[in-house]
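Okay, entry-v6.cif is below, mmCIF, C-alpha atoms:
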```cif
data_input
loop_
_atom_site.label_atom_id
_atom_site.label_comp_id
_atom_site.auth_asym_id
_atom_site.auth_seq_id
_atom_site.Cartn_x
_atom_site.Cartn_y
_atom_site.Cartn_z
CA MET A 19 -69.56 -218.55 -35.80
CA SER A 20 -69.77 -215.54 -38.12
CA LYS A 21 -67.39 -215.11 -41.04
CA SER A 22 -65.78 -212.05 -39.41
CA ALA A 23 -65.24 -213.97 -36.20
CA GLN A 24 -63.62 -216.83 -38.11
CA GLU A 25 -61.24 -214.39 -39.85
CA LYS A 26 -60.20 -213.00 -36.48
CA LYS A 27 -59.85 -216.25 -34.58
CA ALA A 28 -58.73 -218.93 -37.03
CA THR A 29 -55.18 -220.06 -36.23
CA VAL A 30 -52.66 -222.51 -37.62
CA TYR A 31 -53.97 -225.04 -35.10
CA ASP A 32 -57.55 -224.61 -36.35
CA ILE A 33 -56.35 -225.22 -39.91
CA ALA A 34 -54.42 -228.31 -38.77
CA ARG A 35 -57.46 -229.80 -37.00
CA ARG A 36 -59.76 -229.14 -39.97
CA ALA A 37 -57.25 -230.62 -42.46
CA GLY A 38 -56.29 -233.57 -40.27
CA VAL A 39 -52.58 -232.72 -40.29
CA SER A 40 -50.06 -231.39 -37.79
CA ALA A 41 -49.56 -227.70 -37.12
CA SER A 42 -45.97 -228.03 -38.34
CA THR A 43 -47.25 -229.31 -41.70
CA VAL A 44 -49.50 -226.25 -42.02
CA SER A 45 -46.56 -223.99 -41.20
CA ARG A 46 -44.37 -225.66 -43.82
CA ILE A 47 -47.06 -225.15 -46.45
CA LEU A 48 -47.60 -221.51 -45.48
CA ASN A 49 -43.87 -220.80 -45.49
CA GLY A 50 -43.03 -222.91 -48.54
CA SER A 51 -40.10 -224.29 -46.59
CA ALA A 52 -40.46 -227.96 -47.53
CA LYS A 53 -42.20 -230.35 -49.91
CA VAL A 54 -45.54 -231.70 -48.68
CA ALA A 55 -47.65 -234.49 -50.15
CA ALA A 56 -50.23 -233.24 -52.63
CA ASP A 57 -53.22 -234.61 -50.68
CA LYS A 58 -52.09 -232.92 -47.47
CA ARG A 59 -51.44 -229.64 -49.28
CA GLN A 60 -54.93 -229.75 -50.81
CA ALA A 61 -56.53 -230.50 -47.44
CA VAL A 62 -54.73 -227.51 -45.88
CA GLU A 63 -55.67 -225.21 -48.74
CA ASP A 64 -59.31 -226.29 -48.45
CA ALA A 65 -59.27 -225.65 -44.69
CA ILE A 66 -57.71 -222.21 -45.21
CA GLN A 67 -60.49 -221.28 -47.62
CA GLU A 68 -63.27 -222.69 -45.41
CA LEU A 69 -62.04 -220.82 -42.33
CA ASN A 70 -61.10 -217.64 -44.26
CA PHE A 71 -57.69 -217.87 -42.63
CA ARG A 72 -55.30 -214.92 -43.02
CA PRO A 73 -51.71 -215.58 -41.92
CA ASN A 74 -49.98 -213.22 -39.52
CA LEU A 75 -47.50 -211.48 -41.81
CA MET A 76 -45.35 -210.27 -38.95
CA ALA A 77 -45.02 -213.79 -37.63
CA GLN A 78 -44.18 -215.00 -41.13
CA TYR A 79 -41.49 -212.35 -41.44
CA LEU A 80 -39.92 -213.42 -38.15
CA LYS A 81 -39.79 -217.02 -39.41
CA THR A 82 -38.83 -216.51 -43.05
CA GLY A 83 -37.23 -213.07 -43.15
CA GLN A 84 -39.69 -212.02 -45.89
CA SER A 85 -42.35 -209.32 -45.50
CA MET A 86 -44.05 -210.23 -48.82
CA THR A 87 -44.04 -206.56 -49.82
CA LEU A 88 -42.27 -204.86 -52.73
CA GLY A 89 -41.26 -201.23 -52.45
CA VAL A 90 -42.12 -199.10 -55.49
CA LEU A 91 -40.56 -195.68 -56.02
CA THR A 92 -42.44 -193.61 -58.59
CA GLN A 93 -42.14 -189.86 -59.21
CA HIS A 94 -45.73 -188.60 -59.16
CA VAL A 95 -48.70 -190.81 -58.35
CA GLU A 96 -50.87 -188.63 -60.61
CA SER A 97 -48.63 -189.22 -63.65
CA PRO A 98 -50.48 -191.19 -66.37
CA PHE A 99 -47.13 -192.61 -67.51
CA SER A 100 -46.28 -193.94 -64.06
CA ASN A 101 -49.83 -195.16 -63.56
CA GLU A 102 -49.64 -197.27 -66.72
CA MET A 103 -46.43 -198.90 -65.52
CA LEU A 104 -47.91 -199.36 -62.05
CA ARG A 105 -50.88 -201.06 -63.68
CA GLY A 106 -48.47 -203.65 -65.06
CA VAL A 107 -46.91 -204.07 -61.61
CA GLU A 108 -50.24 -204.46 -59.87
CA HIS A 109 -51.76 -206.85 -62.40
CA THR A 110 -48.70 -209.09 -62.30
CA LEU A 111 -48.93 -209.31 -58.50
CA GLN A 112 -52.59 -210.28 -58.53
CA GLY A 113 -53.03 -213.77 -57.13
CA MET A 114 -49.60 -213.64 -55.47
CA GLU A 115 -48.89 -213.08 -51.80
CA TYR A 116 -46.72 -210.05 -52.55
CA VAL A 117 -48.20 -206.56 -52.30
CA PRO A 118 -46.69 -203.23 -53.46
CA LEU A 119 -45.85 -200.34 -51.15
CA ILE A 120 -45.74 -197.17 -53.28
CA VAL A 121 -43.94 -193.89 -52.54
CA SER A 122 -43.15 -190.81 -54.65
CA GLY A 123 -39.84 -189.03 -55.20
CA HIS A 124 -41.08 -185.97 -57.16
CA TRP A 125 -37.99 -185.88 -59.40
CA ASN A 126 -35.87 -184.85 -56.42
CA ALA A 127 -32.75 -186.96 -55.86
CA GLU A 128 -32.57 -186.30 -52.12
CA GLU A 129 -36.25 -187.10 -51.64
CA GLU A 130 -35.88 -190.27 -53.70
CA VAL A 131 -33.01 -191.51 -51.51
CA GLU A 132 -35.02 -190.69 -48.39
CA ARG A 133 -37.99 -192.68 -49.70
CA LEU A 134 -35.76 -195.63 -50.60
CA ARG A 135 -34.35 -195.64 -47.07
CA LEU A 136 -37.90 -195.61 -45.73
CA LEU A 137 -38.84 -198.61 -47.84
CA VAL A 138 -35.75 -200.54 -46.77
CA ALA A 139 -36.55 -199.71 -43.12
CA ARG A 140 -40.03 -201.15 -43.69
CA ARG A 141 -38.35 -204.46 -44.57
CA VAL A 142 -39.64 -204.70 -48.13
CA ASP A 143 -38.24 -207.71 -49.99
CA GLY A 144 -37.19 -205.81 -53.11
CA LEU A 145 -37.30 -202.40 -54.78
CA ILE A 146 -38.88 -201.29 -58.06
CA ILE A 147 -37.67 -197.86 -59.20
CA LEU A 148 -39.62 -196.10 -61.94
CA THR A 149 -37.03 -193.68 -63.36
CA GLY A 150 -35.89 -190.69 -61.29
CA HIS A 151 -32.63 -188.96 -60.41
CA VAL A 152 -31.05 -191.55 -58.10
CA ASN A 153 -27.55 -192.13 -59.44
CA GLN A 154 -25.90 -195.45 -60.24
CA GLN A 155 -23.62 -195.43 -57.20
CA THR A 156 -26.60 -195.00 -54.89
CA LEU A 157 -28.36 -197.94 -56.53
CA LEU A 158 -25.28 -200.10 -56.03
CA GLU A 159 -25.12 -199.13 -52.36
CA PHE A 160 -28.77 -199.97 -51.76
CA SER A 161 -28.37 -203.25 -53.64
CA GLN A 162 -26.00 -204.43 -50.90
CA GLN A 163 -29.09 -204.60 -48.70
CA ILE A 164 -31.87 -205.50 -51.12
CA PRO A 165 -32.43 -206.57 -54.76
CA ILE A 166 -33.46 -203.81 -57.17
CA VAL A 167 -35.00 -203.42 -60.60
CA ALA A 168 -35.13 -199.99 -62.22
CA THR A 169 -36.04 -198.15 -65.39
CA GLY A 170 -34.15 -195.21 -66.81
CA HIS A 171 -30.77 -196.59 -65.79
CA ASN A 172 -28.04 -198.61 -67.47
CA ILE A 173 -26.75 -201.01 -64.86
CA MET A 174 -26.72 -204.80 -64.56
CA THR A 175 -25.31 -206.73 -61.60
CA GLU A 176 -26.36 -209.79 -59.61
CA ARG A 177 -28.45 -207.53 -57.37
CA VAL A 178 -29.53 -204.74 -59.74
CA HIS A 179 -31.26 -205.12 -63.08
CA SER A 180 -32.23 -202.08 -65.12
CA PHE A 181 -34.45 -201.75 -68.16
CA SER A 182 -34.64 -199.04 -70.77
CA ILE A 183 -35.91 -198.43 -74.26
CA ASN A 184 -34.00 -196.91 -77.14
CA ASN A 185 -35.18 -193.32 -76.71
CA ARG A 186 -32.82 -192.05 -79.40
CA LEU A 187 -34.34 -194.48 -81.89
CA GLY A 188 -37.83 -193.41 -80.81
CA GLY A 189 -36.99 -189.75 -81.38
CA TYR A 190 -35.57 -190.64 -84.77
CA MET A 191 -38.67 -192.66 -85.69
CA ALA A 192 -41.05 -189.84 -84.73
CA THR A 193 -39.13 -187.22 -86.71
CA ARG A 194 -38.57 -189.57 -89.64
CA TYR A 195 -42.32 -190.20 -89.83
CA LEU A 196 -42.98 -186.46 -90.14
CA LEU A 197 -40.23 -186.15 -92.73
CA ASP A 198 -41.75 -188.98 -94.75
CA LEU A 199 -45.01 -187.03 -94.77
CA GLY A 200 -43.14 -184.21 -96.51
CA HIS A 201 -42.63 -181.89 -93.53
CA ARG A 202 -39.33 -180.01 -93.39
CA ASP A 203 -39.86 -177.29 -90.76
CA ILE A 204 -40.31 -179.60 -87.80
CA ALA A 205 -40.29 -178.19 -84.29
CA HIS A 206 -39.41 -180.18 -81.20
CA ILE A 207 -40.73 -179.58 -77.67
CA VAL A 208 -38.15 -181.24 -75.44
CA GLY A 209 -38.67 -182.76 -72.01
CA LEU A 210 -36.94 -181.97 -68.73
CA PRO A 211 -33.44 -180.60 -69.45
CA ASP A 212 -31.65 -183.01 -67.09
CA HIS A 213 -33.69 -186.09 -67.96
CA ASN A 214 -31.85 -188.70 -70.00
CA ASP A 215 -34.98 -189.81 -71.87
CA ALA A 216 -35.54 -186.24 -73.06
CA ILE A 217 -31.90 -185.82 -74.06
CA GLU A 218 -31.88 -189.05 -76.06
CA ARG A 219 -35.14 -188.23 -77.86
CA HIS A 220 -33.70 -184.85 -78.79
CA HIS A 221 -30.61 -186.56 -80.20
CA GLY A 222 -32.88 -188.80 -82.26
CA TYR A 223 -34.69 -185.74 -83.61
CA ARG A 224 -31.40 -184.17 -84.69
CA GLN A 225 -30.16 -187.41 -86.20
CA ALA A 226 -33.29 -187.72 -88.36
CA LEU A 227 -32.89 -184.17 -89.64
CA VAL A 228 -29.24 -184.78 -90.54
CA SER A 229 -30.11 -188.01 -92.36
CA ALA A 230 -32.63 -186.05 -94.44
CA GLY A 231 -30.11 -183.31 -95.27
CA ILE A 232 -31.90 -180.69 -93.17
CA GLU A 233 -29.88 -178.28 -91.07
CA TYR A 234 -30.64 -178.30 -87.37
CA ASP A 235 -32.31 -175.04 -86.30
CA PRO A 236 -32.21 -174.29 -82.54
CA SER A 237 -35.06 -171.79 -82.95
CA LEU A 238 -37.38 -174.72 -83.63
CA VAL A 239 -36.48 -176.41 -80.34
CA ILE A 240 -38.53 -175.22 -77.36
CA GLN A 241 -38.09 -176.26 -73.74
CA GLY A 242 -40.93 -178.24 -72.18
CA ASP A 243 -41.25 -180.27 -68.98
CA PHE A 244 -43.04 -183.51 -69.93
CA ALA A 245 -46.33 -182.00 -68.66
CA GLU A 246 -49.41 -180.56 -70.37
CA VAL A 247 -48.78 -177.00 -69.22
CA GLY A 248 -45.23 -177.19 -70.59
CA GLY A 249 -46.60 -178.15 -74.01
CA LEU A 250 -49.15 -175.35 -73.90
CA ASN A 251 -46.59 -172.69 -73.02
CA ALA A 252 -44.00 -174.02 -75.47
CA VAL A 253 -46.39 -173.89 -78.41
CA LYS A 254 -47.43 -170.34 -77.61
CA LYS A 255 -43.78 -169.33 -77.42
CA LEU A 256 -43.11 -171.05 -80.74
CA VAL A 257 -46.02 -169.29 -82.47
CA GLU A 258 -45.04 -165.92 -81.01
CA SER A 259 -41.48 -166.35 -82.32
CA GLY A 260 -42.77 -166.07 -85.87
CA ARG A 261 -40.66 -169.04 -87.01
CA LYS A 262 -42.43 -171.06 -89.70
CA PHE A 263 -43.21 -174.69 -88.84
CA SER A 264 -45.64 -177.30 -90.14
CA ALA A 265 -45.14 -180.12 -87.65
CA ILE A 266 -44.10 -180.73 -84.03
CA PHE A 267 -42.48 -183.71 -82.37
CA CYS A 268 -43.35 -183.58 -78.67
CA ALA A 269 -41.13 -185.34 -76.13
CA ASN A 270 -44.13 -187.22 -74.70
CA ASP A 271 -47.89 -187.54 -75.07
CA GLN A 272 -48.71 -185.23 -72.15
CA THR A 273 -46.75 -182.46 -73.86
CA CYS A 274 -48.84 -183.08 -76.98
CA TYR A 275 -52.09 -182.68 -75.07
CA GLY A 276 -51.06 -179.21 -73.98
CA ALA A 277 -49.65 -178.37 -77.42
CA ILE A 278 -52.95 -179.24 -79.12
CA LEU A 279 -54.81 -176.86 -76.80
CA GLY A 280 -52.18 -174.15 -77.32
CA LEU A 281 -52.41 -174.39 -81.10
CA LYS A 282 -56.18 -174.14 -80.96
CA GLN A 283 -55.94 -171.07 -78.76
CA CYS A 284 -53.61 -169.57 -81.37
CA GLY A 285 -56.12 -170.25 -84.14
CA LEU A 286 -54.22 -173.19 -85.67
CA ARG A 287 -55.87 -176.49 -86.54
CA VAL A 288 -54.48 -179.95 -85.85
CA PRO A 289 -53.64 -181.60 -88.21
CA GLU A 290 -54.78 -179.30 -91.05
CA ASP A 291 -52.33 -176.52 -90.13
CA VAL A 292 -49.86 -178.33 -87.88
CA SER A 293 -49.14 -182.06 -87.54
CA LEU A 294 -48.18 -183.43 -84.13
CA ILE A 295 -46.60 -186.66 -82.97
CA GLY A 296 -45.99 -187.69 -79.37
CA PHE A 297 -44.10 -190.38 -77.48
CA ASP A 298 -45.50 -193.05 -75.09
CA ASP A 299 -48.97 -194.00 -76.37
CA LEU A 300 -50.72 -193.40 -73.08
CA PRO A 301 -54.28 -194.75 -72.79
CA PHE A 302 -55.80 -191.25 -73.12
CA SER A 303 -54.05 -190.71 -76.47
CA THR A 304 -56.73 -192.83 -78.14
CA TYR A 305 -59.37 -190.38 -76.89
CA SER A 306 -57.62 -187.01 -77.13
CA ASN A 307 -59.13 -184.47 -79.54
CA PRO A 308 -58.00 -185.34 -82.12
CA PRO A 309 -56.69 -188.84 -81.29
CA LEU A 310 -52.90 -188.65 -81.08
CA THR A 311 -50.34 -190.11 -83.46
CA THR A 312 -47.46 -191.25 -81.27
CA VAL A 313 -44.49 -193.55 -80.71
CA ARG A 314 -45.64 -196.49 -78.64
CA GLN A 315 -43.30 -197.73 -75.96
CA PRO A 316 -44.13 -200.83 -73.85
CA ILE A 317 -44.99 -199.07 -70.58
CA TYR A 318 -47.39 -201.65 -69.18
CA GLU A 319 -45.17 -204.50 -70.34
CA MET A 320 -42.21 -202.88 -68.60
CA GLY A 321 -44.09 -203.00 -65.29
CA VAL A 322 -44.84 -206.68 -65.83
CA LYS A 323 -41.23 -207.53 -66.66
CA MET A 324 -39.88 -205.60 -63.68
CA VAL A 325 -42.03 -207.57 -61.23
CA LYS A 326 -41.15 -210.93 -62.76
CA THR A 327 -37.44 -210.09 -62.76
CA LEU A 328 -37.48 -208.81 -59.18
CA LEU A 329 -39.25 -211.93 -57.92
CA GLY A 330 -36.57 -213.99 -59.64
CA LEU A 331 -33.88 -212.02 -57.80
CA ILE A 332 -35.70 -212.35 -54.47
CA GLU A 333 -36.47 -216.05 -54.76
CA ASN A 334 -33.20 -216.94 -56.51
CA THR A 335 -35.02 -218.52 -59.44
CA GLU A 336 -34.54 -218.24 -63.19
CA LEU A 337 -34.92 -214.63 -64.30
CA ASN A 338 -37.66 -213.61 -66.68
CA SER A 339 -36.42 -213.67 -70.27
CA ASP A 340 -39.49 -212.26 -72.02
CA GLU A 341 -38.57 -209.73 -74.71
CA LEU A 342 -40.23 -206.33 -74.52
CA PRO A 343 -42.20 -205.24 -77.61
CA GLU A 344 -40.27 -202.95 -79.96
CA LEU A 345 -41.04 -199.27 -80.43
CA SER A 346 -43.66 -198.58 -83.09
CA ILE A 347 -45.55 -195.67 -84.65
CA VAL A 348 -49.27 -195.60 -83.86
CA VAL A 349 -50.94 -193.50 -86.55
CA ARG A 350 -54.09 -191.65 -85.54
CA ASP A 351 -55.52 -188.24 -86.44
CA THR A 352 -52.92 -185.57 -85.54
CA THR A 353 -50.74 -185.98 -88.63
CA LEU A 354 -51.27 -185.29 -92.35
CA PRO A 355 -48.97 -185.07 -95.38
CA TYR A 356 -47.45 -181.62 -95.91
CA LYS A 357 -49.50 -179.58 -98.39
CA GLY A 358 -47.24 -176.53 -98.78
#
```

Would you mind writing the structure in this file as C-alpha cells?
Amino acid sequence: MSKSAQEKKATVYDIARRAGVSASTVSRILNGSAKVAADKRQAVEDAIQELNFRPNLMAQYLKTGQSMTLGVLTQHVESPFSNEMLRGVEHTLQGMEYVPLIVSGHWNAEEEVERLRLLVARRVDGLIILTGHVNQQTLLEFSQQIPIVATGHNIMTERVHSFSINNRLGGYMATRYLLDLGHRDIAHIVGLPDHNDAIERHHGYRQALVSAGIEYDPSLVIQGDFAEVGGLNAVKKLVESGRKFSAIFCANDQTCYGAILGLKQCGLRVPEDVSLIGFDDLPFSTYSNPPLTTVRQPIYEMGVKMVKTLLGLIENTELNSDELPELSIVVRDTTLPYKG
C-alpha cells in the first residue's frame, strides 16, 4: 500500500489492530480523555506514525467539543509588527495539535467585530487579538462564548486576559536618550491619533521634556500614521516648516524608515545632521540604512505568552507566569551626540 493510500484509509481500527489494543483505547489516547498505561500509549503512538494516521478533526470536535484551532485577529497581514508577533504565536504552536486561523480587521472596529463573529462561528477554541479598536465591552461579551487573550487592552477576568507594555515609559526612554546626547530641539512624529499606544508614547515624550526643563513645542510634533509613508510625509512637512530640530523620536520603527528617506531627499544626513530613534526593534531595523537606534519591546515574546496563556484558559490549567522582557534602548547608527 502506498503512503498516500495509507493516509487516506488508516482508521482508528487499523491503529488498534497494529498496536494490539482496543479501538476505545485508541480513542481515549487521541482525545486525551483518560489515563492509559505507558506501554499501550507508546504502542498506539508507534502505530499512528507507521500508518501516517491523521485523525478526523470534525469527528474529534463532535466528541470533545474542541476544534483544535485558535482564532487570531490581526490588523494587516503585511504589517512587520504583526508578523513578528505572529511568528511567536506560530512557533509556540509548533508540535502541538492546535493551528491558528488568521483574519485581519484593518483598524476598523466594525470589521474587527465581524471577523471575531466569523471566528466564533468557525468554532475556534479561543481568540488571540493583536491590538485594534474593539472596545472592552465587546471583548467581555465575546468572552461569554470563548476565552480571549488580547494586546493593547487593559482588562483581566477569568475569561479575558490582556497584555500591554508601558508605552509612556518607552516614549520617555526614547526622548530621554536623545536628551542625554545633548539634543534639545527634539521633534516627535506621532502614530495614529486614536491609537492608545501612540497617545501614551506622546505623553512619554512630553514628560521627558518637562523633566529636562524644556518647554513643550507643538510645532515640533507632526502627525504620522505608524507607516513608512507617514514618516516620509511628516519629515518633509517638518523641514518645510523651517522649525529648527536636531533629533526626531518616531512613534515606531516603520515611521523611522520613511523619515530616513525623507531626510535624505531633503539633503539631510542621518545621523550627522539629524538623529533618529524609533520604537519596536523590528527585525529590519538591524539592516535599515543606517541601522536604526530604537526602543525594543518584546513583540515576539508577547506572541509566545499569549498562546501559552490562552491554552491555559482553554484547558483550565495553570496560567503561564513568564515575565516579559523589559523595554530597552538598542543603540545602532542613527543617533549621535549633539554637536551644535

| task | Could you jot down the CA of Arg105 (chain A) to CA of Tyr318 (chain A) separation for me, Å, one decimal place? | result | 6.5 Å

| remark: Min atom-atom distance to Cys268 (chain A) from the set A:Leu300, A:Ile317, A:Ala34, A:Ala192, counting only C-alpha atoms, belongs to A:Ala192

| task | Run the PyMOL selection byres ((chain A and resi 210) around 7) against the file shown and list the residues it catches, as a list in words. | result |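 Evaluating the PyMOL selection byres ((chain A and resi 210) around 7) on these coordinates yields Val208, Gly209, Pro211, Asp212, His213, Ala216, Gly242, Asp243 and Phe244 of chain A.
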
| query | Do you know which residues the PyMOL selection byres ((chain A and resi 337) around 12) returns on this file, as a VMD selection string? | reply | chain A and resid 167 176 to 177 179 323 to 336 338 to 340

Those selected residues, please, written with C-alpha atoms and delivered as a tab-separated table (two decimals), keeping the file's coordinate frame.
```tsv
chain	number	residue	atom	x	y	z
A	167	VAL	CA	-35.00	-203.42	-60.60
A	176	GLU	CA	-26.36	-209.79	-59.61
A	177	ARG	CA	-28.45	-207.53	-57.37
A	179	HIS	CA	-31.26	-205.12	-63.08
A	323	LYS	CA	-41.23	-207.53	-66.66
A	324	MET	CA	-39.88	-205.60	-63.68
A	325	VAL	CA	-42.03	-207.57	-61.23
A	326	LYS	CA	-41.15	-210.93	-62.76
A	327	THR	CA	-37.44	-210.09	-62.76
A	328	LEU	CA	-37.48	-208.81	-59.18
A	329	LEU	CA	-39.25	-211.93	-57.92
A	330	GLY	CA	-36.57	-213.99	-59.64
A	331	LEU	CA	-33.88	-212.02	-57.80
A	332	ILE	CA	-35.70	-212.35	-54.47
A	333	GLU	CA	-36.47	-216.05	-54.76
A	334	ASN	CA	-33.20	-216.94	-56.51
A	335	THR	CA	-35.02	-218.52	-59.44
A	336	GLU	CA	-34.54	-218.24	-63.19
A	338	ASN	CA	-37.66	-213.61	-66.68
A	339	SER	CA	-36.42	-213.67	-70.27
A	340	ASP	CA	-39.49	-212.26	-72.02
```

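Residues matched by the PyMOL selection byres ((chain A and resi 85-93) around 6) in this file are Tyr79, Gln84, His94, Tyr116, Val117, Pro118, Leu119, Ile120, Val121, Ser122, Gly123, His124, Trp125, Leu137, Val142, Asp143, Gly144, Leu145, Ile146, Ile147 and Leu148 of chain A.
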
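Atom pair CA of Asp351 (chain A) / CA of Pro289 (chain A): separated by 7.1 Å.
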
| query | Between CA of Arg314 (chain A) and CA of Ile278 (chain A), what is the distance, to one decimal in Å? | reply | 18.7 Å

| task | Name the residues, using the chain letters and numbers of the file, that sit within 6 Å of (-50.0, -188.5, -78.9) when counting only C-alpha atoms, and give them as number ranges by chain. | result | A: 271, 274, 295-296, 303, 310-312

| message | Which residue is closest to Leu134 (chain A)? Choose from A:Gly285, A:Gly150, A:Gly358, A:Gly106 and count only C-alpha atoms. | response |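 Ranked by minimum distance to Leu134 (chain A), first place goes to A:Gly150.
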
| field | Nearest candidate to Leu342 (chain A) (options A:Lys357, A:Asn184, A:Ala230, A:His221; using all atoms listed in the file) | value | A:Asn184

Contacts of Ile232 (chain A) at 12 Å or less, counting all atoms listed in the file, minus same-chain residues fewer than 2 places along, as a PDB file with C-alpha atoms, keeping the file's coordinate frame?
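As written to disk, part.pdb reads:
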```pdb
ATOM      1  CA  THR A 193     -39.130-187.220 -86.710  1.00  0.00           C
ATOM      2  CA  ARG A 194     -38.570-189.570 -89.640  1.00  0.00           C
ATOM      3  CA  LEU A 197     -40.230-186.150 -92.730  1.00  0.00           C
ATOM      4  CA  HIS A 201     -42.630-181.890 -93.530  1.00  0.00           C
ATOM      5  CA  ARG A 202     -39.330-180.010 -93.390  1.00  0.00           C
ATOM      6  CA  ASP A 203     -39.860-177.290 -90.760  1.00  0.00           C
ATOM      7  CA  ILE A 204     -40.310-179.600 -87.800  1.00  0.00           C
ATOM      8  CA  TYR A 223     -34.690-185.740 -83.610  1.00  0.00           C
ATOM      9  CA  ARG A 224     -31.400-184.170 -84.690  1.00  0.00           C
ATOM     10  CA  GLN A 225     -30.160-187.410 -86.200  1.00  0.00           C
ATOM     11  CA  ALA A 226     -33.290-187.720 -88.360  1.00  0.00           C
ATOM     12  CA  LEU A 227     -32.890-184.170 -89.640  1.00  0.00           C
ATOM     13  CA  VAL A 228     -29.240-184.780 -90.540  1.00  0.00           C
ATOM     14  CA  SER A 229     -30.110-188.010 -92.360  1.00  0.00           C
ATOM     15  CA  ALA A 230     -32.630-186.050 -94.440  1.00  0.00           C
ATOM     16  CA  TYR A 234     -30.640-178.300 -87.370  1.00  0.00           C
ATOM     17  CA  ASP A 235     -32.310-175.040 -86.300  1.00  0.00           C
TER      18      ASP A 235
END
```

| field | For Arg219 (chain A), the nearest of the candidates A:Pro308, A:Pro98, A:Pro355, A:Gly188, counting only C-alpha atoms | value |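 So, comparing all the options, the nearest one is A:Gly188.
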
Draw an axis-aligned box tight on the listed atoms of region 105-108 of chain A, then pad every side by 3 Å and write out centre and edge lengths in Å to one decimal as lines of an AutoDock Vina configuration file.
```
center_x = -48.9
center_y = -202.8
center_z = -62.5
size_x = 10.0
size_y = 9.4
size_z = 11.2
```

| Given the choices A:Glu102, A:Asp32, A:Asp215, A:Glu96, which gets closest to Phe297 (chain A) if the distance is worked out from all atoms listed in the file? |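 Selected residue with least distance to Phe297 (chain A): A:Asp215.
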
| Which is closest to Leu199 (chain A) among A:Leu294, A:Ile47, A:Ile66, A:Ala41, if we use all atoms listed in the file? |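 Counting all atoms listed in the file, the residue closest to Leu199 (chain A) is A:Leu294.
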
What would the list of residues within 12 Å of (-55.3, -232.0, -47.4) (file frame) look like as a compact mmCIF listing (two decimals) with C-alpha atoms, keeping the file's coordinate frame, if all atoms listed in the file are what count?
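Okay, this is what ended up in part.txt:
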```
# COMPACT_ATOMS: atom_id res chain seq x y z
CA ILE A 33 -56.35 -225.22 -39.91
CA ALA A 34 -54.42 -228.31 -38.77
CA ARG A 35 -57.46 -229.80 -37.00
CA ARG A 36 -59.76 -229.14 -39.97
CA ALA A 37 -57.25 -230.62 -42.46
CA GLY A 38 -56.29 -233.57 -40.27
CA VAL A 39 -52.58 -232.72 -40.29
CA SER A 40 -50.06 -231.39 -37.79
CA THR A 43 -47.25 -229.31 -41.70
CA VAL A 44 -49.50 -226.25 -42.02
CA ILE A 47 -47.06 -225.15 -46.45
CA VAL A 54 -45.54 -231.70 -48.68
CA ALA A 55 -47.65 -234.49 -50.15
CA ALA A 56 -50.23 -233.24 -52.63
CA ASP A 57 -53.22 -234.61 -50.68
CA LYS A 58 -52.09 -232.92 -47.47
CA ARG A 59 -51.44 -229.64 -49.28
CA GLN A 60 -54.93 -229.75 -50.81
CA ALA A 61 -56.53 -230.50 -47.44
CA VAL A 62 -54.73 -227.51 -45.88
CA GLU A 63 -55.67 -225.21 -48.74
CA ASP A 64 -59.31 -226.29 -48.45
CA ALA A 65 -59.27 -225.65 -44.69
CA ILE A 66 -57.71 -222.21 -45.21
CA GLN A 67 -60.49 -221.28 -47.62
```

| query | So which residues touch Gln272 (chain A) within 7 Å, counting only C-alpha atoms, skipping near sequence neighbours fewer than 3 positions away, as a VMD selection string? | reply | chain A and resid 244 to 246 275 to 276
